[in-house]
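Engineer: start_12.csv is the file, holding CSV, C-alpha atoms (C1' of nucleotides):
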chain,number,residue,atom,x,y,z
I,1,MET,CA,112.3,78.4,104.2
I,2,GLY,CA,113.3,81.5,102.4
I,3,GLY,CA,110.5,83.3,100.5
I,4,LEU,CA,107.6,82.7,102.8
I,5,ASP,CA,109.3,83.6,106.0
I,6,ASP,CA,110.9,86.7,104.5
I,7,VAL,CA,107.6,88.0,103.1
I,8,ARG,CA,105.9,87.3,106.4
I,9,GLY,CA,108.5,89.2,108.3
I,10,GLU,CA,108.2,92.2,106.0
I,11,LEU,CA,104.5,92.1,106.2
I,12,VAL,CA,104.5,92.0,110.0
I,13,ASP,CA,106.9,94.9,109.9
I,14,LEU,CA,105.0,97.0,107.5
I,15,TRP,CA,101.7,96.6,109.4
I,16,GLY,CA,103.5,97.4,112.6
I,17,ARG,CA,104.6,100.7,111.2
I,18,LEU,CA,101.4,101.6,109.4
I,19,ALA,CA,99.0,100.6,112.2
I,20,PRO,CA,99.6,103.8,114.3
I,21,LEU,CA,98.5,105.9,111.4
I,22,TRP,CA,95.2,104.1,111.7
I,23,GLY,CA,94.8,104.5,115.4
I,24,VAL,CA,95.8,100.9,116.0
I,25,THR,CA,98.8,100.0,118.2
I,26,PRO,CA,101.9,98.6,116.5
I,27,ALA,CA,101.6,95.4,118.4
I,28,ALA,CA,98.1,94.8,117.1
I,29,GLY,CA,99.3,95.6,113.6
I,30,ARG,CA,102.1,93.0,113.9
I,31,VAL,CA,99.7,90.4,115.2
I,32,PHE,CA,97.3,90.9,112.4
I,33,GLY,CA,100.1,90.7,109.8
I,34,TRP,CA,101.2,87.4,111.3
I,35,LEU,CA,97.7,86.0,111.3
I,36,LEU,CA,97.3,87.0,107.7
I,37,ALA,CA,100.2,84.8,106.8
I,38,SER,CA,98.9,81.7,108.5
I,39,SER,CA,96.5,79.3,107.0
I,40,ASP,CA,95.3,78.0,110.4
I,41,ALA,CA,94.1,79.7,113.4
I,42,ILE,CA,96.8,80.5,115.9
I,43,ASP,CA,96.7,80.6,119.7
I,44,ALA,CA,98.3,83.0,122.1
I,45,ASP,CA,101.4,80.8,122.6
I,46,GLY,CA,102.0,80.6,118.9
I,47,LEU,CA,101.8,84.3,118.6
I,48,CYS,CA,104.2,84.9,121.5
I,49,GLU,CA,106.7,82.6,119.9
I,50,GLY,CA,106.3,83.7,116.4
I,51,LEU,CA,106.5,87.4,117.1
I,52,GLY,CA,108.7,87.4,120.2
I,53,MET,CA,106.1,89.3,122.2
I,54,SER,CA,105.1,88.8,125.8
I,55,ARG,CA,101.9,87.0,126.9
I,56,GLY,CA,100.4,90.3,128.1
I,57,ALA,CA,101.1,92.1,124.9
I,58,VAL,CA,99.5,89.4,122.8
I,59,SER,CA,96.5,89.4,124.9
I,60,MET,CA,96.1,93.1,124.6
I,61,ALA,CA,96.7,93.1,120.9
I,62,CYS,CA,94.2,90.3,120.3
I,63,ARG,CA,91.6,92.1,122.3
I,64,GLU,CA,92.2,95.3,120.4
I,65,LEU,CA,91.9,93.5,117.1
I,66,ALA,CA,88.7,91.8,118.2
I,67,ASP,CA,87.3,95.2,119.2
I,68,TRP,CA,88.0,96.6,115.8
I,69,GLY,CA,86.3,93.5,114.3
I,70,LEU,CA,89.5,92.4,112.5
I,71,VAL,CA,89.9,89.0,114.1
I,72,HIS,CA,87.8,86.3,115.7
I,73,GLY,CA,88.8,84.1,118.5
I,74,GLU,CA,87.5,80.5,118.4
I,75,ARG,CA,87.8,77.8,121.0
I,76,PRO,CA,87.9,74.3,119.5
I,77,PRO,CA,85.6,72.0,121.5
I,78,GLY,CA,87.5,70.0,124.1
I,79,THR,CA,90.1,72.6,124.8
I,80,ARG,CA,90.3,75.8,126.8
I,81,ARG,CA,92.7,77.5,124.4
I,82,VAL,CA,91.5,80.3,122.2
I,83,SER,CA,92.9,80.5,118.7
I,84,TYR,CA,92.6,83.5,116.5
I,85,ARG,CA,91.9,83.9,112.8
I,86,PRO,CA,91.9,87.1,110.8
I,87,VAL,CA,88.6,88.2,109.3
I,88,THR,CA,89.1,87.4,105.6
I,89,ASP,CA,86.2,89.4,104.4
I,90,LEU,CA,88.2,92.5,103.8
I,91,GLU,CA,85.1,94.5,102.9
I,92,ARG,CA,83.7,93.9,106.3
I,93,ALA,CA,87.0,94.6,108.0
I,94,ALA,CA,87.3,97.9,106.2
I,95,ARG,CA,83.8,98.8,107.2
I,96,SER,CA,84.6,98.3,110.9
I,97,ILE,CA,87.5,100.5,110.6
I,98,VAL,CA,85.5,103.3,109.0
I,99,ALA,CA,82.8,102.9,111.6
I,100,THR,CA,85.3,103.2,114.5
I,101,ARG,CA,87.1,106.2,113.0
I,102,LYS,CA,83.8,108.0,112.4
I,103,ARG,CA,82.8,107.5,115.9
I,104,ARG,CA,86.1,108.7,117.3
I,105,GLU,CA,86.7,111.6,115.0
I,106,TRP,CA,83.8,113.0,113.2
I,107,ASP,CA,81.1,112.5,115.8
I,108,PRO,CA,82.9,114.5,118.5
I,109,MET,CA,83.8,117.1,116.0
I,110,LEU,CA,80.2,117.6,114.9
I,111,GLN,CA,79.0,117.6,118.5
I,112,HIS,CA,81.4,120.4,119.5
I,113,LEU,CA,80.7,122.4,116.4
I,114,GLN,CA,77.0,122.4,117.1
I,115,GLU,CA,77.6,123.6,120.6
I,116,TRP,CA,80.2,126.3,119.7
I,117,ILE,CA,78.4,128.1,116.9
I,118,PRO,CA,75.4,129.2,119.0
I,119,ARG,CA,77.8,130.3,121.8
I,120,LEU,CA,79.3,132.8,119.4
I,121,LYS,CA,76.0,134.3,118.3
I,122,GLY,CA,76.2,137.0,120.9
I,123,GLU,CA,79.7,138.2,120.1
I,124,ARG,CA,80.1,141.3,117.9
I,125,SER,CA,83.8,141.4,117.3
I,126,ALA,CA,85.3,140.7,113.9
I,127,GLU,CA,87.2,137.8,115.3
I,128,ALA,CA,84.0,136.1,116.5
I,129,LYS,CA,82.3,136.7,113.1
I,130,VAL,CA,85.2,135.1,111.2
I,131,LEU,CA,85.3,132.2,113.6
I,132,ARG,CA,81.6,131.7,113.3
I,133,GLU,CA,81.9,131.5,109.5
I,134,ARG,CA,84.8,129.2,109.5
I,135,LEU,CA,83.1,126.8,111.9
I,136,SER,CA,80.0,126.7,109.8
I,137,ASP,CA,82.1,125.9,106.7
I,138,LEU,CA,83.8,123.2,108.7
I,139,GLU,CA,80.6,121.8,109.8
I,140,GLY,CA,79.5,121.5,106.2
I,141,LEU,CA,82.6,119.7,105.2
I,142,VAL,CA,82.5,117.3,108.1
I,143,ARG,CA,78.8,116.5,107.4
I,144,THR,CA,79.7,115.8,103.8
I,145,LEU,CA,82.5,113.4,104.8
I,146,ASP,CA,80.3,111.9,107.4
I,147,GLY,CA,77.6,111.3,104.8
I,148,LEU,CA,80.1,109.6,102.6
I,149,ALA,CA,81.3,107.4,105.4
I,150,LEU,CA,77.7,106.4,106.1
I,151,LYS,CA,77.1,105.6,102.5
I,152,LEU,CA,80.1,103.3,102.5
I,153,LEU,CA,78.9,101.7,105.7
I,154,GLU,CA,75.4,101.0,104.6
I,155,GLY,CA,75.9,100.1,101.0
I,156,GLY,CA,78.6,97.6,101.4
I,157,ILE,CA,81.7,99.6,100.7
I,158,VAL,CA,80.9,101.1,97.3
I,159,PRO,CA,79.2,98.2,95.7
I,160,LYS,CA,81.6,96.1,93.8
I,161,LEU,CA,80.1,96.9,90.5
I,162,GLY,CA,80.7,100.6,90.7
I,163,LEU,CA,84.0,99.8,92.3
I,164,LYS,CA,85.5,98.1,89.3
I,165,LEU,CA,84.6,101.0,87.2
I,166,LEU,CA,86.4,103.4,89.6
I,167,VAL,CA,89.4,101.1,89.8
I,168,SER,CA,89.8,100.7,86.1
I,169,GLN,CA,89.6,104.4,85.7
I,170,ALA,CA,92.2,104.9,88.4
I,171,LYS,CA,94.5,102.5,86.6
I,172,ARG,CA,94.2,104.3,83.3
I,173,LYS,CA,95.1,107.6,84.8
I,174,GLY,CA,98.4,106.2,85.9
I,175,SER,CA,98.4,106.7,89.6
I,176,ALA,CA,101.3,104.4,90.0
I,177,PRO,CA,102.5,104.4,93.6
I,178,GLY,CA,105.5,106.6,93.2
I,179,GLY,CA,109.0,106.2,94.6
I,180,LYS,CA,109.8,105.8,98.2
Z,1,MET,CA,85.3,138.4,127.0
Z,2,GLY,CA,83.9,135.0,127.7
Z,3,GLY,CA,82.5,133.3,124.7
Z,4,LEU,CA,85.1,133.8,122.1
Z,5,ASP,CA,88.1,133.0,124.3
Z,6,ASP,CA,86.4,129.9,125.7
Z,7,VAL,CA,85.4,128.6,122.3
Z,8,ARG,CA,88.9,129.2,121.0
Z,9,GLY,CA,90.4,127.4,123.9
Z,10,GLU,CA,88.2,124.4,123.4
Z,11,LEU,CA,88.8,124.4,119.6
Z,12,VAL,CA,92.6,124.4,120.2
Z,13,ASP,CA,92.2,121.6,122.6
Z,14,LEU,CA,90.0,119.4,120.4
Z,15,TRP,CA,92.3,119.8,117.4
Z,16,GLY,CA,95.3,119.0,119.6
Z,17,ARG,CA,93.7,115.7,120.6
Z,18,LEU,CA,92.3,114.8,117.2
Z,19,ALA,CA,95.4,115.7,115.3
Z,20,PRO,CA,97.4,112.5,116.1
Z,21,LEU,CA,94.6,110.4,114.7
Z,22,TRP,CA,95.4,112.1,111.4
Z,23,GLY,CA,99.1,111.7,111.6
Z,24,VAL,CA,99.6,115.3,112.5
Z,25,THR,CA,101.4,116.2,115.8
Z,26,PRO,CA,99.4,117.7,118.6
Z,27,ALA,CA,101.3,120.9,118.5
Z,28,ALA,CA,100.5,121.4,114.8
Z,29,GLY,CA,96.9,120.7,115.6
Z,30,ARG,CA,96.8,123.3,118.3
Z,31,VAL,CA,98.4,125.9,116.1
Z,32,PHE,CA,95.9,125.3,113.4
Z,33,GLY,CA,93.1,125.7,115.8
Z,34,TRP,CA,94.4,129.0,117.0
Z,35,LEU,CA,94.9,130.3,113.5
Z,36,LEU,CA,91.3,129.3,112.6
Z,37,ALA,CA,90.1,131.5,115.4
Z,38,SER,CA,92.0,134.6,114.2
Z,39,SER,CA,90.8,137.0,111.6
Z,40,ASP,CA,94.3,138.2,110.9
Z,41,ALA,CA,97.5,136.5,110.0
Z,42,ILE,CA,99.6,135.7,113.1
Z,43,ASP,CA,103.4,135.6,113.5
Z,44,ALA,CA,105.5,133.2,115.5
Z,45,ASP,CA,105.6,135.4,118.5
Z,46,GLY,CA,101.9,135.7,118.6
Z,47,LEU,CA,101.5,131.9,118.5
Z,48,CYS,CA,104.1,131.4,121.2
Z,49,GLU,CA,102.3,133.8,123.5
Z,50,GLY,CA,98.8,132.7,122.6
Z,51,LEU,CA,99.4,129.0,123.0
Z,52,GLY,CA,102.2,129.1,125.6
Z,53,MET,CA,104.5,127.1,123.3
Z,54,SER,CA,108.3,127.6,122.7
Z,55,ARG,CA,109.7,129.2,119.7
Z,56,GLY,CA,111.1,125.9,118.4
Z,57,ALA,CA,107.8,124.1,118.7
Z,58,VAL,CA,106.0,126.9,116.9
Z,59,SER,CA,108.5,126.7,114.1
Z,60,MET,CA,108.2,123.0,113.8
Z,61,ALA,CA,104.4,123.1,113.9
Z,62,CYS,CA,104.2,125.8,111.2
Z,63,ARG,CA,106.5,123.9,109.0
Z,64,GLU,CA,104.5,120.8,109.4
Z,65,LEU,CA,101.2,122.6,108.6
Z,66,ALA,CA,102.8,124.2,105.6
Z,67,ASP,CA,103.9,120.7,104.4
Z,68,TRP,CA,100.4,119.5,104.7
Z,69,GLY,CA,99.3,122.5,102.8
Z,70,LEU,CA,97.1,123.7,105.6
Z,71,VAL,CA,98.6,127.1,106.2
Z,72,HIS,CA,100.5,129.7,104.2
Z,73,GLY,CA,103.2,131.9,105.5
Z,74,GLU,CA,103.3,135.5,104.2
Z,75,ARG,CA,105.9,138.2,104.7
Z,76,PRO,CA,104.4,141.6,104.6
Z,77,PRO,CA,106.8,143.9,102.5
Z,78,GLY,CA,109.2,145.8,104.6
Z,79,THR,CA,109.5,143.3,107.4
Z,80,ARG,CA,111.3,140.1,107.9
Z,81,ARG,CA,108.7,138.5,110.0
Z,82,VAL,CA,106.6,135.7,108.7
Z,83,SER,CA,102.9,135.6,109.5
Z,84,TYR,CA,100.7,132.6,109.1
Z,85,ARG,CA,97.1,132.2,107.9
Z,86,PRO,CA,95.1,129.0,107.7
Z,87,VAL,CA,94.0,127.9,104.3
Z,88,THR,CA,90.3,128.7,104.4
Z,89,ASP,CA,89.3,126.9,101.3
Z,90,LEU,CA,88.4,123.7,103.2
Z,91,GLU,CA,87.9,121.7,100.1
Z,92,ARG,CA,91.5,122.4,99.2
Z,93,ALA,CA,92.7,121.6,102.7
Z,94,ALA,CA,90.9,118.3,102.8
Z,95,ARG,CA,92.4,117.5,99.4
Z,96,SER,CA,95.9,118.0,100.7
Z,97,ILE,CA,95.2,115.7,103.6
Z,98,VAL,CA,93.9,113.0,101.4
Z,99,ALA,CA,96.8,113.3,99.1
Z,100,THR,CA,99.4,113.1,101.9
Z,101,ARG,CA,97.8,110.2,103.5
Z,102,LYS,CA,97.5,108.3,100.3
Z,103,ARG,CA,101.2,108.9,99.7
Z,104,ARG,CA,102.2,107.7,103.2
Z,105,GLU,CA,99.8,104.8,103.5
Z,106,TRP,CA,98.4,103.3,100.3
Z,107,ASP,CA,101.3,103.9,98.1
Z,108,PRO,CA,103.9,102.0,100.2
Z,109,MET,CA,101.3,99.3,100.8
Z,110,LEU,CA,100.7,98.7,97.1
Z,111,GLN,CA,104.4,98.9,96.3
Z,112,HIS,CA,105.2,96.1,98.8
Z,113,LEU,CA,102.2,94.0,97.7
Z,114,GLN,CA,103.4,94.1,94.1
Z,115,GLU,CA,106.8,92.9,95.2
Z,116,TRP,CA,105.7,90.2,97.6
Z,117,ILE,CA,103.2,88.4,95.5
Z,118,PRO,CA,105.7,87.3,92.8
Z,119,ARG,CA,108.1,86.3,95.5
Z,120,LEU,CA,105.6,83.7,96.7
Z,121,LYS,CA,105.1,82.2,93.3
Z,122,GLY,CA,107.7,79.5,93.7
Z,123,GLU,CA,106.4,78.3,97.1
Z,124,ARG,CA,104.3,75.2,97.2
Z,125,SER,CA,103.2,75.1,100.8
Z,126,ALA,CA,99.6,75.6,101.8
Z,127,GLU,CA,100.7,78.6,103.9
Z,128,ALA,CA,102.2,80.3,100.9
Z,129,LYS,CA,99.1,79.6,98.8
Z,130,VAL,CA,96.8,81.2,101.4
Z,131,LEU,CA,99.1,84.2,101.9
Z,132,ARG,CA,99.2,84.7,98.1
Z,133,GLU,CA,95.5,84.7,97.9
Z,134,ARG,CA,95.1,87.1,100.8
Z,135,LEU,CA,97.6,89.5,99.5
Z,136,SER,CA,95.8,89.6,96.2
Z,137,ASP,CA,92.6,90.3,97.9
Z,138,LEU,CA,94.2,93.0,99.9
Z,139,GLU,CA,95.7,94.5,96.7
Z,140,GLY,CA,92.3,94.7,95.2
Z,141,LEU,CA,90.9,96.5,98.2
Z,142,VAL,CA,93.7,99.0,98.4
Z,143,ARG,CA,93.4,99.7,94.8
Z,144,THR,CA,89.8,100.4,95.2
Z,145,LEU,CA,90.3,102.8,98.1
Z,146,ASP,CA,93.1,104.4,96.2
Z,147,GLY,CA,90.9,104.9,93.2
Z,148,LEU,CA,88.3,106.4,95.4
Z,149,ALA,CA,90.8,108.8,96.9
Z,150,LEU,CA,92.0,109.8,93.4
Z,151,LYS,CA,88.5,110.5,92.4
Z,152,LEU,CA,88.2,112.9,95.3
Z,153,LEU,CA,91.5,114.5,94.5
Z,154,GLU,CA,90.8,115.0,90.8
Z,155,GLY,CA,87.2,115.9,90.8
Z,156,GLY,CA,87.3,118.8,93.2
Z,157,ILE,CA,86.8,116.8,96.3
Z,158,VAL,CA,83.2,116.6,97.1
Z,159,PRO,CA,81.1,118.9,95.1
Z,160,LYS,CA,78.5,118.4,97.7
Z,161,LEU,CA,75.9,117.1,95.3
Z,162,GLY,CA,78.4,115.4,93.0
Z,163,LEU,CA,79.3,113.1,95.8
Z,164,LYS,CA,75.9,111.7,96.2
Z,165,LEU,CA,75.9,111.3,92.5
Z,166,LEU,CA,79.2,109.4,92.5
Z,167,VAL,CA,78.0,107.1,95.1
Z,168,SER,CA,74.6,106.4,93.8
Z,169,GLN,CA,75.9,105.9,90.3
Z,170,ALA,CA,78.3,103.4,91.6
Z,171,LYS,CA,75.3,101.5,92.9
Z,172,ARG,CA,73.5,101.7,89.5
Z,173,LYS,CA,74.5,98.8,87.5
Z,174,GLY,CA,76.5,99.2,84.3
Z,175,SER,CA,76.4,102.9,83.8
Z,176,ALA,CA,79.8,104.6,83.7
Z,177,PRO,CA,80.5,107.1,86.5
Z,178,GLY,CA,79.7,110.5,85.2
Z,179,GLY,CA,82.1,113.3,85.9
Z,180,LYS,CA,84.5,114.5,83.3
U,1,DA,C1',83.9,71.7,144.6
U,2,DC,C1',88.4,71.5,143.0
U,3,DC,C1',92.2,71.5,139.9
U,4,DA,C1',94.7,72.3,136.0
U,5,DA,C1',94.9,75.1,131.9
U,6,DC,C1',94.5,79.4,130.0
U,7,DT,C1',93.6,84.4,129.9
U,8,DT,C1',93.6,89.0,131.7
U,9,DT,C1',95.3,92.6,134.5
U,10,DC,C1',98.5,95.9,136.0
U,11,DA,C1',102.6,98.2,138.3
U,12,DG,C1',106.8,99.3,136.9
U,13,DA,C1',110.5,99.2,133.0
U,14,DA,C1',111.6,100.5,128.5
U,15,DA,C1',110.9,102.6,124.3
U,16,DT,C1',109.1,106.4,121.7
U,17,DC,C1',107.5,110.8,120.8
U,18,DT,C1',107.4,115.8,121.8
U,19,DC,C1',109.0,120.1,123.6
U,20,DT,C1',112.3,123.5,125.2
U,21,DG,C1',115.9,126.8,124.9
U,22,DA,C1',119.8,128.5,123.3
U,23,DA,C1',123.2,128.4,119.5
U,24,DA,C1',123.6,128.7,114.6
U,25,DG,C1',121.9,130.1,110.3
U,26,DT,C1',119.5,133.3,107.1
U,27,DT,C1',117.9,137.5,105.2
U,28,DC,C1',117.4,142.3,104.4
U,29,DA,C1',118.3,147.4,105.1
U,30,DG,C1',121.7,150.6,105.0
N,1,DC,C1',129.8,144.3,104.2
N,2,DT,C1',127.8,144.5,108.6
N,3,DG,C1',124.4,144.2,112.1
N,4,DA,C1',119.8,143.7,113.6
N,5,DA,C1',115.7,140.9,113.2
N,6,DC,C1',114.0,136.6,112.7
N,7,DT,C1',113.8,131.7,111.8
N,8,DT,C1',115.6,127.0,112.0
N,9,DT,C1',118.0,123.4,114.2
N,10,DC,C1',119.1,120.1,117.6
N,11,DA,C1',120.7,117.9,121.9
N,12,DG,C1',118.9,116.8,126.0
N,13,DA,C1',114.7,117.1,129.3
N,14,DG,C1',110.2,115.7,129.8
N,15,DA,C1',105.9,113.5,128.8
N,16,DT,C1',103.4,109.8,126.9
N,17,DT,C1',102.8,105.3,125.1
N,18,DT,C1',103.8,100.5,125.0
N,19,DC,C1',105.7,96.3,126.7
N,20,DT,C1',107.0,92.8,130.2
N,21,DG,C1',106.3,89.4,133.6
N,22,DA,C1',104.2,87.6,137.3
N,23,DA,C1',100.1,87.5,140.1
N,24,DA,C1',95.2,87.2,140.0
N,25,DG,C1',91.1,85.8,137.7
N,26,DT,C1',88.3,82.5,134.7
N,27,DT,C1',86.7,78.4,132.8
N,28,DG,C1',85.6,73.7,131.8
N,29,DG,C1',86.3,68.9,133.0
N,30,DT,C1',86.0,65.5,136.5
Transcribe the structure of this file into structure tokens.

Structural biologist:
Amino acid sequence: MGGLDDVRGELVDLWGRLAPLWGVTPAAGRVFGWLLASSDAIDADGLCEGLGMSRGAVSMACRELADWGLVHGERPPGTRRVSYRPVTDLERAARSIVATRKRREWDPMLQHLQEWIPRLKGERSAEAKVLRERLSDLEGLVRTLDGLALKLLEGGIVPKLGLKLLVSQAKRKGSAPGGK
Amino acid sequence: MGGLDDVRGELVDLWGRLAPLWGVTPAAGRVFGWLLASSDAIDADGLCEGLGMSRGAVSMACRELADWGLVHGERPPGTRRVSYRPVTDLERAARSIVATRKRREWDPMLQHLQEWIPRLKGERSAEAKVLRERLSDLEGLVRTLDGLALKLLEGGIVPKLGLKLLVSQAKRKGSAPGGK
DNA sequence: ACCAACTTTCAGAAATCTCTGAAAGTTCAG
DNA sequence: CTGAACTTTCAGAGATTTCTGAAAGTTGGT
């Protein structure tokens, strides 16, 4: 009673609210939160009941989470029922998120920039000149961030060694999560 | 007349679609795109006309962009009309975005984690134990990412070469990350 | 091949987010 | 202080996203 259920509820709630900021639907966020708080794999019925969601919503959410690489479905031999478990290797999970966002955000951006800049080459107006410059700057920035993302993806998210260093530095500088 | 207007239109469109992925409303994204393509500052009327948006929407969008630190309003002396200009220092703009997202996403996450973990201390169940472990892992990851964000914020975001340094140094065993 | 056990799909309902337009508020010149 | 010139606010309209629930589709055992 008490503690565990309360914390689980708040966790589900927080993930439900934060998820959209990450391009994940609220339902998927809630499901993931619930799975995090379970020691065993859970099947669709369990999720429906636990979260008060419909069958369809659970199905959609699980599929979405599987697409993001955040959960795995498993079918115990002898049954037809799929149970879900969250990926507990957080490093891997974070990597899938970065990869997906890169594909959805940076890649189309770069693609368009590369097409737009040449199309402005002919224009003489001041407007065109300014835009051309700004787009070039933007391209530089996006390439830089893209490179950073790639680094993270390849090198196992900022190899733990370096990580600890960064973290301890961050702590020293007092970056306490501020008020509400 | 072709090129410039076409590119501007596509730019406005792309930013309108990408903006929500960044927690920015579509309207604000479109306004920013339009401003990027103008060599001069533009006032609310100009934006209404150029983008076909209502007065209220333009006002909201400009306020939002100002909150993110992506545009500045300026009032030429002798008039009451505010004109807007995009921040062209992209490094600074990117920094505002990171700072805002950190505040909205990581900080509340950490705050909750720090509160939840102690509340599970009393529980004996296997569920509670698993959850406690997972939350601790999560805290570690969030702290790591948070530290990385701070690094970017403090250290003039991505001095293009510096970045590579940061990352490659992180890989190198034992040596402290350079920088300041 | 057939059935029972599950899962997925999808049209319409519901909830949420965004925009409009006009009224109210603010600011400055005179 | 007053009025003109702008900006901000906000209730309701409109658009978009998300959820439900039942029907259709799969799958594995027999």

Engineer: Dump as a PyMOL selection string the residues of chain I that approach chain U to within 9 Å, counting only C-alpha atoms (C1' of nucleotides).

Structural biologist: chain I and resi 56+59-60+79-82

Engineer: Go through chain Z and flag each residue having an atom no more than 6 Å from chain I; for those, report the closest pair of atoms plus their distance in Å to one decimal, using all atoms listed in the file, ordered by chain and rising number, as CSV.

Structural biologist:
residue,atom,partner,partner_atom,distance
Z:Leu21,CA,I:Gly23,CA,5.9
Z:Gly23,CA,I:Leu21,CA,5.8
Z:Ala37,CA,I:Leu131,CA,5.2
Z:Ser38,CA,I:Glu127,CA,5.9
Z:Ser39,CA,I:Glu127,CA,5.2
Z:Asp107,CA,I:Pro177,CA,4.7
Z:Glu127,CA,I:Ser39,CA,5.3
Z:Val130,CA,I:Ser39,CA,5.9
Z:Leu131,CA,I:Ala37,CA,5.1
Z:Thr144,CA,I:Val167,CA,5.5
Z:Gly147,CA,I:Ala170,CA,5.0
Z:Ala170,CA,I:Gly162,CA,3.8
Z:Lys171,CA,I:Pro159,CA,5.8

Engineer: Which neighbours of Leu51 in chain I fall inside 9 Å, counting only C-alpha atoms (C1' of nucleotides), when residues of the same chain fewer than 4 positions from it are skipped, and could you give them as a ChimeraX atom specification?

Structural biologist: /I:12,30-31,34,46-47

Engineer: Just the number, please: Cα RMSD of chain Z on chain I after least-squares superposition over all C-alpha atoms matched in order.

Structural biologist: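 The optimal C-alpha superposition leaves an RMSD of 6.7 Å.
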
Engineer: Record the distance separating CA of Ile42 in chain I and CA of Cys62 in chain I, expressed in Å with one decimal.

Structural biologist: 11.1 Å

Engineer: For chain N versus chain I, which residues have an atom no more than 8 Å away, and what is each residue's nearest atom pair and distance in Å rounded to one decimal, using all atoms listed in the file, chain-then-number order, as a Markdown table?

Structural biologist:
| residue | atom | partner | partner_atom | distance |
| --- | --- | --- | --- | --- |
| N:DC19 | C1' | I:Ala57 | CA | 6.5 |
| N:DT20 | C1' | I:Ser54 | CA | 6.2 |
| N:DG21 | C1' | I:Ser54 | CA | 7.9 |
| N:DT27 | C1' | I:Arg80 | CA | 7.5 |
| N:DG28 | C1' | I:Arg80 | CA | 7.2 |

Engineer: Find the distance between CA of Arg63 in chain Z and CA of Leu153 in chain Z and write it in Å to one decimal.

Structural biologist: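 One can read the CA of Arg63 in chain Z to CA of Leu153 in chain Z distance as 22.9 Å.
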